[in-house]
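Trainee: Structure file entry_16.cif, mmCIF, C-alpha atoms, is pasted below:
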```cif
data_target
loop_
_atom_site.label_atom_id
_atom_site.label_comp_id
_atom_site.auth_asym_id
_atom_site.auth_seq_id
_atom_site.Cartn_x
_atom_site.Cartn_y
_atom_site.Cartn_z
CA MET A 24 110.83 129.24 139.23
CA GLU A 25 112.74 129.88 136.00
CA LYS A 26 114.28 133.34 135.88
CA GLN A 27 113.01 135.50 133.03
CA SER A 28 115.34 137.52 130.83
CA PHE A 29 115.05 141.26 130.31
CA ILE A 30 113.43 140.63 126.89
CA ASP A 31 110.87 138.21 128.37
CA ASN A 32 109.91 140.73 131.08
CA LEU A 33 109.58 143.53 128.52
CA LEU A 34 107.39 141.39 126.27
CA ALA A 35 105.21 140.41 129.25
CA LYS A 36 104.66 144.09 130.08
CA ILE A 37 103.68 144.89 126.49
CA TYR A 38 101.30 141.92 126.46
CA PHE A 39 99.70 143.17 129.69
CA LEU A 40 99.31 146.71 128.34
CA ILE A 41 97.45 145.44 125.26
CA LEU A 42 95.29 142.65 126.72
CA ARG A 43 95.29 143.51 130.45
CA GLN A 44 96.33 139.93 131.21
CA ILE A 45 99.52 138.35 132.52
CA PRO A 46 100.88 135.96 129.86
CA GLY A 47 101.04 132.27 130.75
CA LYS A 48 103.80 129.83 129.80
CA ILE A 49 102.44 129.22 126.29
CA SER A 50 101.88 132.91 125.60
CA SER A 51 105.36 133.78 126.91
CA HIS A 52 107.01 131.24 124.61
CA LEU A 53 104.97 132.49 121.68
CA LEU A 54 105.91 136.10 122.46
CA SER A 55 109.60 135.18 122.57
CA ASN A 56 109.41 133.44 119.18
CA ILE A 57 107.50 136.36 117.70
CA PHE A 58 110.08 138.83 119.03
CA TYR A 59 113.05 137.06 117.43
CA ASN A 60 111.11 136.47 114.21
CA LEU A 61 110.29 140.17 114.09
CA CYS A 62 113.88 141.18 114.79
CA GLY A 63 115.06 139.08 111.88
CA MET A 64 112.31 140.17 109.56
CA ILE A 65 112.50 143.85 110.43
CA GLY A 66 116.28 143.85 110.13
CA GLY A 67 116.31 141.91 106.87
CA THR A 68 113.23 143.62 105.50
CA LEU A 69 114.41 147.13 106.29
CA ILE A 70 117.63 146.55 104.35
CA THR A 71 115.84 144.83 101.47
CA PHE A 72 113.01 147.35 101.44
CA ILE A 73 115.27 150.39 101.14
CA PHE A 74 117.26 148.92 98.28
CA SER A 75 114.13 147.56 96.60
CA ILE A 76 112.71 151.10 96.46
CA TRP A 77 115.95 152.30 94.92
CA ALA A 78 115.84 149.42 92.42
CA ILE A 79 112.19 150.11 91.50
CA ARG A 80 112.99 153.78 90.86
CA LEU A 81 115.84 152.76 88.53
CA MET A 82 113.81 150.09 86.72
CA GLY A 83 110.56 151.97 86.08
CA PRO A 84 107.11 150.37 85.77
CA GLU A 85 107.76 148.13 82.75
CA GLU A 86 110.97 146.44 83.98
CA TYR A 87 109.52 146.15 87.48
CA GLY A 88 106.45 144.59 85.89
CA LYS A 89 108.66 141.99 84.17
CA ALA A 90 110.34 141.18 87.49
CA ASN A 91 106.98 140.54 89.13
CA ILE A 92 105.77 138.43 86.23
CA VAL A 93 108.83 136.24 86.86
CA VAL A 94 107.98 136.09 90.57
CA GLY A 95 104.33 135.35 89.84
CA ALA A 96 105.14 132.48 87.48
CA SER A 97 107.76 131.07 89.88
CA ASN A 98 105.19 131.06 92.69
CA PHE A 99 103.14 128.60 90.62
CA LEU A 100 106.13 126.31 90.02
CA VAL A 101 107.17 126.38 93.69
CA ILE A 102 103.84 124.83 94.67
CA PHE A 103 104.81 121.55 92.99
CA LEU A 104 108.44 121.61 94.11
CA LEU A 105 107.35 121.91 97.77
CA PHE A 106 104.18 119.75 97.62
CA GLY A 107 102.97 121.17 100.95
CA LEU A 108 106.11 120.01 102.76
CA THR A 109 106.58 123.35 104.52
CA ASN A 110 103.40 122.74 106.51
CA SER A 111 104.41 119.13 107.19
CA ALA A 112 107.80 120.31 108.45
CA MET A 113 106.34 122.88 110.86
CA ARG A 114 103.65 120.51 112.15
CA TYR A 115 105.52 117.24 112.58
CA LEU A 116 108.94 118.58 113.59
CA SER A 117 107.32 120.65 116.36
CA ARG A 118 105.00 117.86 117.59
CA GLU A 119 107.09 114.69 117.17
CA LYS A 120 110.34 115.72 118.83
CA GLU A 121 111.48 112.17 119.51
CA HIS A 122 111.29 111.36 115.76
CA ARG A 123 112.70 114.64 114.45
CA GLY A 124 115.71 113.07 112.76
CA GLU A 125 113.62 110.56 110.80
CA ILE A 126 111.01 113.16 109.88
CA LEU A 127 113.67 115.63 108.71
CA GLY A 128 115.42 112.98 106.63
CA SER A 129 112.10 111.91 105.12
CA ILE A 130 111.14 115.48 104.17
CA LEU A 131 114.54 116.15 102.59
CA ILE A 132 114.53 112.98 100.47
CA ILE A 133 110.99 113.73 99.26
CA SER A 134 112.05 117.25 98.24
CA VAL A 135 114.94 115.87 96.15
CA ILE A 136 112.62 113.36 94.45
CA LEU A 137 110.13 116.13 93.65
CA LEU A 138 112.90 118.23 92.09
CA PHE A 139 113.89 115.42 89.68
CA ILE A 140 110.25 114.79 88.78
CA PHE A 141 109.05 118.33 88.15
CA LEU A 142 112.08 120.14 86.68
CA PRO A 143 111.88 118.21 83.37
CA ILE A 144 108.12 118.77 83.31
CA PHE A 145 108.61 122.53 83.72
CA LEU A 146 110.90 122.56 80.70
CA ILE A 147 108.61 120.39 78.57
CA ILE A 148 105.55 122.61 79.13
CA THR A 149 107.34 125.82 78.08
CA PRO A 150 105.29 126.26 74.84
CA LEU A 151 102.05 125.72 76.79
CA ILE A 152 102.97 128.35 79.41
CA ASN A 153 103.95 130.81 76.67
CA LYS A 154 100.55 130.46 75.03
CA LEU A 155 98.43 130.24 78.18
CA PHE A 156 99.85 133.31 79.96
CA ARG A 157 101.37 135.20 77.00
CA LEU A 158 104.67 134.78 78.81
CA GLU A 159 107.92 135.11 76.86
CA THR A 160 110.32 132.16 77.05
CA GLU A 161 113.05 134.30 78.61
CA LEU A 162 110.78 135.35 81.49
CA TYR A 163 109.61 131.77 82.00
CA PHE A 164 113.17 130.40 82.21
CA TRP A 165 114.02 133.06 84.78
CA ALA A 166 110.93 131.94 86.69
CA ILE A 167 112.12 128.32 86.68
CA GLY A 168 115.52 129.29 88.09
CA TYR A 169 113.96 131.55 90.70
CA SER A 170 111.50 128.83 91.77
CA LEU A 171 114.33 126.39 92.53
CA ILE A 172 115.96 128.85 94.92
CA THR A 173 112.76 130.02 96.61
CA ALA A 174 111.59 126.44 97.13
CA GLY A 175 114.84 125.77 98.96
CA ILE A 176 114.54 128.78 101.26
CA TYR A 177 110.84 128.23 102.01
CA LEU A 178 111.49 124.66 103.07
CA SER A 179 114.61 125.61 105.03
CA GLU A 180 112.76 128.31 106.97
CA ALA A 181 109.90 125.92 107.74
CA ILE A 182 112.37 123.36 109.09
CA LEU A 183 114.08 125.95 111.31
CA LEU A 184 110.69 126.97 112.72
CA GLY A 185 109.73 123.32 113.26
CA ILE A 186 112.89 122.60 115.27
CA ASP A 187 112.49 125.88 117.21
CA ARG A 188 115.62 127.59 115.90
CA VAL A 189 113.96 131.00 115.71
CA LYS A 190 116.98 133.08 116.73
CA GLU A 191 119.16 131.50 114.06
CA ARG A 192 116.47 132.11 111.45
CA ALA A 193 116.37 135.78 112.46
CA LEU A 194 120.13 136.16 111.93
CA ILE A 195 119.92 134.38 108.56
CA THR A 196 117.15 136.74 107.46
CA ILE A 197 119.23 139.81 108.32
CA GLY A 198 122.23 138.33 106.49
CA SER A 199 120.16 137.63 103.38
CA GLY A 200 119.02 141.26 103.30
CA ILE A 201 122.65 142.42 103.36
CA PHE A 202 123.52 140.15 100.40
CA PHE A 203 120.59 141.60 98.43
CA ALA A 204 121.63 145.18 99.21
CA VAL A 205 125.26 144.62 98.22
CA THR A 206 124.27 142.99 94.93
CA ILE A 207 121.89 145.84 94.03
CA LEU A 208 124.58 148.40 94.94
CA ILE A 209 127.14 146.72 92.69
CA PHE A 210 124.78 146.54 89.72
CA SER A 211 123.49 150.12 90.11
CA SER A 212 127.02 151.50 90.55
CA ILE A 213 128.33 149.80 87.42
CA LEU A 214 125.29 150.01 85.13
CA LYS A 215 123.66 153.23 86.47
CA THR A 216 120.32 151.57 85.70
CA LEU A 217 118.62 148.23 86.35
CA THR A 218 116.58 145.68 84.42
CA PHE A 219 114.45 142.87 85.78
CA LYS A 220 117.39 140.48 85.28
CA GLN A 221 119.64 142.23 87.79
CA TYR A 222 116.77 142.56 90.27
CA ILE A 223 115.89 138.84 90.09
CA PHE A 224 119.58 137.88 90.25
CA ALA A 225 120.00 139.93 93.44
CA SER A 226 117.02 138.08 94.94
CA ILE A 227 118.54 134.73 93.94
CA VAL A 228 121.82 135.67 95.65
CA ARG A 229 119.86 136.64 98.76
CA TRP A 230 117.84 133.42 99.03
CA LEU A 231 120.68 131.11 98.03
CA ASN A 232 122.91 132.35 100.86
CA ALA A 233 120.03 132.08 103.34
CA ALA A 234 119.24 128.50 102.27
CA ILE A 235 122.88 127.44 102.60
CA ALA A 236 123.15 128.96 106.09
CA ALA A 237 119.93 127.21 107.18
CA MET A 238 121.11 123.84 105.84
CA ILE A 239 124.34 124.12 107.82
CA ILE A 240 122.16 124.25 110.95
CA PHE A 241 119.62 121.50 110.28
CA LEU A 242 121.39 118.96 108.04
CA PRO A 243 123.40 117.45 110.96
CA LEU A 244 120.07 116.64 112.66
CA ALA A 245 118.76 114.56 109.76
CA LYS A 246 118.63 110.77 110.11
CA ARG A 247 117.78 107.88 107.82
CA PRO A 248 114.32 108.49 106.28
CA SER A 249 111.50 106.04 106.96
CA LEU A 250 108.61 105.02 104.74
CA LYS A 251 106.21 105.73 107.59
CA TRP A 252 107.18 109.39 107.93
CA MET A 253 107.57 109.86 104.18
CA ALA A 254 103.97 108.69 103.75
CA GLU A 255 102.70 110.74 106.71
CA THR A 256 104.35 114.02 105.73
CA LEU A 257 103.47 113.57 102.05
CA HIS A 258 99.85 112.79 102.91
CA PHE A 259 99.51 115.86 105.11
CA GLY A 260 101.36 118.02 102.60
CA LEU A 261 99.10 116.85 99.78
CA TYR A 262 96.11 118.72 101.22
CA HIS A 263 98.18 121.86 101.62
CA LEU A 264 99.44 121.43 98.05
CA GLY A 265 95.84 121.74 96.91
CA MET A 266 95.37 124.79 99.12
CA TYR A 267 98.50 126.49 97.77
CA ALA A 268 97.56 125.64 94.18
CA ALA A 269 94.15 127.21 94.76
CA GLY A 270 95.83 130.10 96.63
CA PHE A 271 97.93 130.87 93.56
CA PHE A 272 94.70 131.87 91.80
CA LEU A 273 93.57 133.96 94.76
CA PHE A 274 95.94 136.90 94.84
CA PHE A 275 99.12 138.58 93.60
CA SER A 276 100.66 135.92 91.34
CA ILE A 277 97.63 135.28 89.16
CA ASP A 278 96.71 138.98 89.32
CA ALA A 279 100.09 139.95 87.84
CA LEU A 280 99.83 137.34 85.08
CA MET A 281 96.25 138.35 84.21
CA LEU A 282 97.14 142.04 84.15
CA ASN A 283 99.94 141.20 81.72
CA TYR A 284 97.52 139.12 79.64
CA PHE A 285 94.74 141.74 79.41
CA ILE A 286 96.72 145.02 79.68
CA ASN A 287 100.57 145.15 79.64
CA LYS A 288 103.72 144.88 81.75
CA THR A 289 103.53 148.53 82.83
CA ALA A 290 100.17 147.85 84.50
CA VAL A 291 101.81 144.94 86.32
CA GLY A 292 104.55 147.29 87.50
CA ILE A 293 102.06 149.86 88.85
CA TYR A 294 100.06 147.15 90.64
CA SER A 295 103.25 145.65 92.06
CA ALA A 296 104.26 149.08 93.40
CA TYR A 297 101.07 149.14 95.50
CA TYR A 298 101.65 145.53 96.44
CA MET A 299 104.95 146.51 98.09
CA THR A 300 102.92 147.85 101.02
CA PHE A 301 101.04 144.57 101.26
CA HIS A 302 104.35 142.70 101.14
CA ALA A 303 105.78 144.87 103.91
CA PHE A 304 102.83 144.65 106.31
CA ALA A 305 101.29 141.24 105.63
CA GLY A 306 104.33 139.45 104.23
CA LYS A 307 107.13 140.79 106.40
CA LEU A 308 105.75 142.51 109.49
CA PHE A 309 102.99 140.04 110.35
CA HIS A 310 104.27 136.84 108.77
CA PRO A 311 106.93 136.31 111.46
CA ILE A 312 104.10 136.41 114.00
CA ILE A 313 102.14 133.88 111.96
CA ASP A 314 105.25 131.71 111.50
CA ALA A 315 105.72 131.63 115.27
CA PHE A 316 102.00 131.10 115.86
CA TYR A 317 101.48 128.05 113.60
CA PRO A 318 103.85 125.58 115.34
CA MET A 319 102.50 126.77 118.70
CA ALA A 320 98.89 126.35 117.55
CA SER A 321 99.69 122.79 116.47
CA THR A 322 100.48 121.87 120.09
CA ILE A 323 97.28 123.39 121.57
CA ASP A 324 94.04 121.43 121.27
CA ASN A 325 91.71 124.17 122.58
CA THR A 326 90.46 125.88 119.40
CA ARG A 327 88.26 128.30 121.32
CA LEU A 328 91.22 129.59 123.33
CA LEU A 329 93.24 130.24 120.17
CA PHE A 330 90.35 131.88 118.36
CA ASP A 331 89.46 134.17 121.28
CA LYS A 332 93.07 135.35 121.70
CA ILE A 333 93.39 136.21 118.00
CA TYR A 334 90.02 137.98 117.95
CA GLN A 335 90.89 140.15 120.97
CA VAL A 336 94.14 141.33 119.43
CA GLY A 337 92.79 141.69 115.88
CA ARG A 338 89.95 144.09 116.64
CA LYS A 339 92.43 146.50 118.28
CA VAL A 340 95.31 146.21 115.83
CA LEU A 341 93.70 145.97 112.37
CA PRO A 342 92.22 149.53 112.28
CA LEU A 343 95.70 150.88 113.05
CA ILE A 344 97.19 148.73 110.29
CA PHE A 345 94.67 150.11 107.78
CA ILE A 346 95.66 153.73 108.47
CA ALA A 347 99.38 152.99 108.69
CA SER A 348 99.44 151.09 105.39
CA ILE A 349 97.79 153.98 103.49
CA ILE A 350 100.36 156.41 104.86
CA ALA A 351 103.18 153.97 104.05
CA THR A 352 101.94 153.60 100.46
CA ALA A 353 101.91 157.39 99.95
CA ILE A 354 105.49 157.62 101.25
CA LEU A 355 106.63 154.76 98.99
CA PHE A 356 105.19 156.38 95.88
CA TYR A 357 106.98 159.61 96.70
CA PHE A 358 110.28 157.74 96.57
CA TYR A 359 109.35 155.67 93.49
CA GLY A 360 109.42 158.81 91.36
CA LYS A 361 107.11 160.43 88.80
CA GLU A 362 106.74 157.28 86.70
CA PHE A 363 104.59 155.82 89.50
CA PRO A 364 101.46 158.00 90.06
CA PHE A 365 99.82 157.68 93.50
CA GLN A 366 96.02 157.22 93.78
CA LEU A 367 94.42 157.32 97.23
CA GLU A 368 91.53 155.03 96.28
CA LEU A 369 93.94 152.31 95.14
CA ALA A 370 95.96 152.68 98.34
CA ALA A 371 92.75 152.34 100.39
CA LEU A 372 91.74 149.20 98.48
CA MET A 373 95.16 147.63 99.03
CA SER A 374 95.06 148.54 102.73
CA THR A 375 91.65 146.88 103.04
CA ASN A 376 93.07 143.74 101.47
CA ILE A 377 96.03 143.83 103.86
CA CYS A 378 93.74 143.84 106.91
CA ILE A 379 91.47 141.09 105.58
CA TYR A 380 94.48 138.95 104.61
CA ILE A 381 96.08 139.25 108.04
CA ALA A 382 92.85 138.17 109.73
CA ASN A 383 92.43 135.32 107.23
CA THR A 384 95.97 134.04 107.71
CA PHE A 385 95.64 133.75 111.48
CA MET A 386 92.32 131.95 111.11
CA ALA A 387 93.84 129.66 108.47
CA SER A 388 96.73 128.86 110.85
CA ILE A 389 94.28 127.72 113.52
CA ILE A 390 92.25 125.68 111.02
CA GLY A 391 95.34 124.10 109.43
CA SER A 392 96.81 123.19 112.80
CA ARG A 393 93.71 121.11 113.59
CA GLY A 394 94.97 118.28 111.34
CA LEU A 395 93.76 116.76 108.08
CA GLY A 396 90.17 117.88 108.59
CA GLY A 397 91.27 121.49 108.81
CA ALA A 398 93.60 121.10 105.82
CA LYS A 399 90.75 119.69 103.70
CA PHE A 400 88.51 122.60 104.60
CA LEU A 401 91.23 125.15 103.80
CA PHE A 402 91.64 123.64 100.36
CA ILE A 403 87.90 123.76 99.60
CA ALA A 404 87.48 127.31 100.94
CA THR A 405 90.54 128.60 99.07
CA LEU A 406 89.39 126.90 95.87
CA ILE A 407 86.01 128.65 96.06
CA ALA A 408 87.57 132.06 96.74
CA ALA A 409 90.15 131.55 93.97
CA ALA A 410 87.41 130.80 91.44
CA VAL A 411 85.68 134.05 92.44
CA ASN A 412 88.92 136.03 92.12
CA VAL A 413 89.82 134.72 88.65
CA SER A 414 86.26 135.20 87.37
CA LEU A 415 86.07 138.77 88.66
CA ASN A 416 89.56 139.53 87.31
CA ALA A 417 88.46 138.50 83.83
CA ILE A 418 85.43 140.79 84.11
CA LEU A 419 86.94 143.80 85.90
CA ILE A 420 90.53 144.07 84.55
CA PRO A 421 89.57 145.03 80.95
CA LYS A 422 87.34 147.81 82.32
CA TRP A 423 89.16 149.12 85.42
CA GLN A 424 92.70 147.68 85.09
CA VAL A 425 94.58 147.88 88.43
CA ALA A 426 91.47 148.94 90.36
CA GLY A 427 89.63 145.94 88.91
CA VAL A 428 92.29 143.57 90.22
CA MET A 429 92.08 145.03 93.71
CA LEU A 430 88.27 144.94 93.80
CA ALA A 431 88.29 141.29 92.74
CA THR A 432 90.75 140.50 95.53
CA THR A 433 88.61 142.33 98.12
CA ALA A 434 85.56 140.29 97.14
CA ALA A 435 87.47 136.99 97.22
CA PHE A 436 89.16 137.74 100.56
CA THR A 437 85.83 138.75 102.13
CA LEU A 438 84.24 135.49 101.02
CA LEU A 439 87.20 133.56 102.46
CA THR A 440 86.82 135.36 105.80
CA MET A 441 83.17 134.35 105.99
CA LEU A 442 83.98 130.70 105.27
CA TYR A 443 86.78 130.60 107.85
CA TRP A 444 84.56 132.29 110.46
CA ILE A 445 81.79 129.73 109.96
CA TRP A 446 84.22 126.81 110.34
CA LEU A 447 85.79 128.24 113.48
CA ARG A 448 82.44 129.00 115.08
CA PHE A 449 81.35 125.38 114.59
CA GLU A 450 84.71 124.14 115.90
CA THR A 451 84.59 126.35 119.00
CA LEU A 452 81.04 125.21 119.72
CA LYS A 453 82.25 121.62 119.44
CA THR A 454 85.14 122.37 121.83
CA SER A 455 82.77 124.03 124.32
CA SER A 456 80.44 121.04 124.35
#
```
Could you take the file, read its structure, and then write that structure out as structure tokens?
Mentor:
Amino acid sequence: MEKQSFIDNLLAKIYFLILRQIPGKISSHLLSNIFYNLCGMIGGTLITFIFSIWAIRLMGPEEYGKANIVVGASNFLVIFLLFGLTNSAMRYLSREKEHRGEILGSILIISVILLFIFLPIFLIITPLINKLFRLETELYFWAIGYSLITAGIYLSEAILLGIDRVKERALITIGSGIFFAVTILIFSSILKTLTFKQYIFASIVRWLNAAIAAMIIFLPLAKRPSLKWMAETLHFGLYHLGMYAAGFFLFFSIDALMLNYFINKTAVGIYSAYYMTFHAFAGKLFHPIIDAFYPMASTIDNTRLLFDKIYQVGRKVLPLIFIASIIATAILFYFYGKEFPFQLELAALMSTNICIYIANTFMASIIGSRGLGGAKFLFIATLIAAAVNVSLNAILIPKWQVAGVMLATTAAFTLLTMLYWIWLRFETLKTSS
């Protein structure tokens, strides 16, 4: 019998305390990956989070609003630069170990081709973007630059997860947080204040260093690409491209752009301040768990087993997350300063959205790991929910501003939960029979 490390034994005890079950081989491996993902994310996030709060206080709502408009616009551009390849990387690199070199080479060559195709298009459509989103050219060009860097780090992280280099990814995440902190410190020490430009530049420095470190690890593994794997990964990624494109219209990115369109950049800054809690809990605390869960789910055919495990944990953890996120939001606003007024009802709405999103993301991971059928369903479900979100935003933002955005998101997320639940119930019934 393989001897377990101290960390493995500790994780097994925690697992038993929560679920009253001894973890099996699959659960133990998943717990180990989650642990190292969390170490990296907590270490990197804690550093980034502290200096982000300091940066937000120095910027104020308007400049912080500009920064998040840049991020929101770049999130749209990244969809086309990645073309769903992050999901292809995690799925095929984890499942097809004997063909990893070919698959990795194929994914990398596709990403380079996509860059040369879409970068000129992004520049050509500048006047259209300016008119459609009321987005200044300067902000849009910053968004283009930021999208190139974030596309690189998203793909690099997906590759590291696919080849099971979780510990290395954790160290890279911590290192990237340090680069961000140092850059913010330099700017704030010299300038005594910050604009969106310095904030975005610090983020670019962070992600660029992380992407380079990741490439040093996985590039030696790449082999000559093959048409077979290029077609396979592109085909699978295409369905996730549709899902991500629809997902853009479902939450923060489109919300920020629509708030800017109907209200102003200060409203975007206030909304983004509340979103920091969402980013911390759903994006940073729970996403490492999801990142570790997806490749594992891809190797397990029993949908009912996966669904039952997630349900058991979720009903115990999510109520705690709701309370903790409200408290965290109140603390954040204390440190933001007087320019950011705290409202309990907005914090409660955001906390509700955090809990629904976490549940949705785990369900989406199970559905997406089922193959092309699951990917097709995710696209359709996300498209429906996105249409609801955009429609409600247009109705509610002019009347209730930030509260209107959050209410629209709650309605869209709830609808998405219902659609995911129905699909999983049918799938588990199929598995049982």
Trainee: Check what the PyMOL selection byres ((chain A and resi 282) around 9) selects in the file above and give those residues as a PyMOL selection string.
Mentor: chain A and resi 277-281+283-288+290-291+294+416+420-421+424-425+428
Trainee: Could you list the residues chosen by the PyMOL selection byres ((chain A and resi 295) around 12) in this structure as a PyMOL selection string?
Mentor: chain A and resi 75-76+79+83-92+94-95+274-276+278-280+282-283+288-294+296-302+352+355-356+359+363+369-370+373+425+428-429
Trainee: Between A:Pro364, A:Gly128, A:Gly168, A:Gly391, which one has atoms that come closest to A:Ala96, using only C-alpha atoms?
Mentor: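 Looking only at the distances to A:Ala96, the closest residue turns out to be A:Gly168.
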Trainee: Can you tell me how far atom CA of A:Gly306 sits from atom CA of A:Ala353, in Å to one decimal?
Mentor: 18.6 Å
Trainee: On this file, the PyMOL selection byres ((chain A and resi 245) around 9) gives some set of residues; write that set as a list in words.
Mentor: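 Checking the PyMOL selection byres ((chain A and resi 245) around 9) against this file, the residues are Arg123, Gly124, Glu125, Ile126, Leu127, Gly128, Ser129, Leu131, Phe241, Leu242, Pro243, Leu244, Lys246, Arg247 and Pro248 of chain A.
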Trainee: Please produce a file of the residues just selected, as a compact mmCIF listing (two decimals), in the coordinates of the input, where the atoms kept are C-alpha atoms.
Mentor:
```txt
# COMPACT_ATOMS: atom_id res chain seq x y z
CA ARG A 123 112.70 114.64 114.45
CA GLY A 124 115.71 113.07 112.76
CA GLU A 125 113.62 110.56 110.80
CA ILE A 126 111.01 113.16 109.88
CA LEU A 127 113.67 115.63 108.71
CA GLY A 128 115.42 112.98 106.63
CA SER A 129 112.10 111.91 105.12
CA LEU A 131 114.54 116.15 102.59
CA PHE A 241 119.62 121.50 110.28
CA LEU A 242 121.39 118.96 108.04
CA PRO A 243 123.40 117.45 110.96
CA LEU A 244 120.07 116.64 112.66
CA LYS A 246 118.63 110.77 110.11
CA ARG A 247 117.78 107.88 107.82
CA PRO A 248 114.32 108.49 106.28
```
Trainee: For each of A:Ala431, A:Leu151, A:Ala417, A:Ala269, take the minimum atom-to-atom distance to A:Ala404, counting only C-alpha atoms, then give the residue where this is smallest.
Mentor: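 For A:Ala404, the nearest of the given residues is A:Ala269.
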Trainee: Give the answer as one residue: which of A:Ser199, A:Asn153, A:Ser111, A:Asn412 has the shortest atom-to-atom distance to A:Trp252, using all atoms listed in the file?
Mentor: A:Ser111
Trainee: Using all atoms listed in the file, which of A:Ile418, A:Leu273, A:Ala193, A:Ala234 sits nearest A:Ile172?
Mentor: A:Ala234
Trainee: So how many Å separate atom CA of A:Ile350 and atom CA of A:Gly270, to one decimal?
Mentor: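 Distance between the two atoms: 27.9 Å.
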Trainee: Give as a PDB file with C-alpha atoms, keeping the file's coordinate frame each residue that has an atom at most 8 Å from (88.7, 130.9, 113.0) in the file, counting all atoms listed in the file.
Mentor:
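Result file follows (out15.pdb):
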```
ATOM      1  CA  PHE A 330      90.350 131.880 118.360  1.00  0.00           C
ATOM      2  CA  PHE A 385      95.640 133.750 111.480  1.00  0.00           C
ATOM      3  CA  MET A 386      92.320 131.950 111.110  1.00  0.00           C
ATOM      4  CA  ALA A 387      93.840 129.660 108.470  1.00  0.00           C
ATOM      5  CA  ILE A 389      94.280 127.720 113.520  1.00  0.00           C
ATOM      6  CA  ILE A 390      92.250 125.680 111.020  1.00  0.00           C
ATOM      7  CA  TYR A 443      86.780 130.600 107.850  1.00  0.00           C
ATOM      8  CA  TRP A 444      84.560 132.290 110.460  1.00  0.00           C
ATOM      9  CA  ILE A 445      81.790 129.730 109.960  1.00  0.00           C
ATOM     10  CA  TRP A 446      84.220 126.810 110.340  1.00  0.00           C
ATOM     11  CA  LEU A 447      85.790 128.240 113.480  1.00  0.00           C
ATOM     12  CA  ARG A 448      82.440 129.000 115.080  1.00  0.00           C
TER      13      ARG A 448
END
```
Trainee: Which one is closest to A:Ser211: A:Phe99, A:Phe164, A:Gln366, A:Ala78? Count all atoms listed in the file.
Mentor: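 Residue with the minimum atom-to-atom distance to A:Ser211: A:Ala78.
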Trainee: Taking all atoms listed in the file into account, which of A:Leu372, A:Ala382, A:Leu194, A:Ile207 comes nearest A:Ala434?
Mentor: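 When distances to A:Ala434 are compared using all atoms listed in the file, the smallest one comes from A:Leu372.
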Trainee: Fewer than 6 positions away in the same chain doesn't count, so skip those; otherwise give me all residues within 7 Å of A:Ala408, counting all atoms listed in the file, as a list of chain:residue names.
Mentor: A:Leu273, A:Ala435, A:Leu438, A:Leu439
Trainee: As an exercise, work out the distance from atom CA of A:Gly360 to atom CA of A:Phe74 in Å and give it to one decimal place.
Mentor: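 It comes out at 14.4 Å.
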Trainee: Tell me which protein, DNA and RNA residues are within 7 Å of A:Ala174, counting all atoms listed in the file, leaving out same-chain ones fewer than 6 positions away, and put them as a ChimeraX atom specification.
Mentor: /A:101,104-105
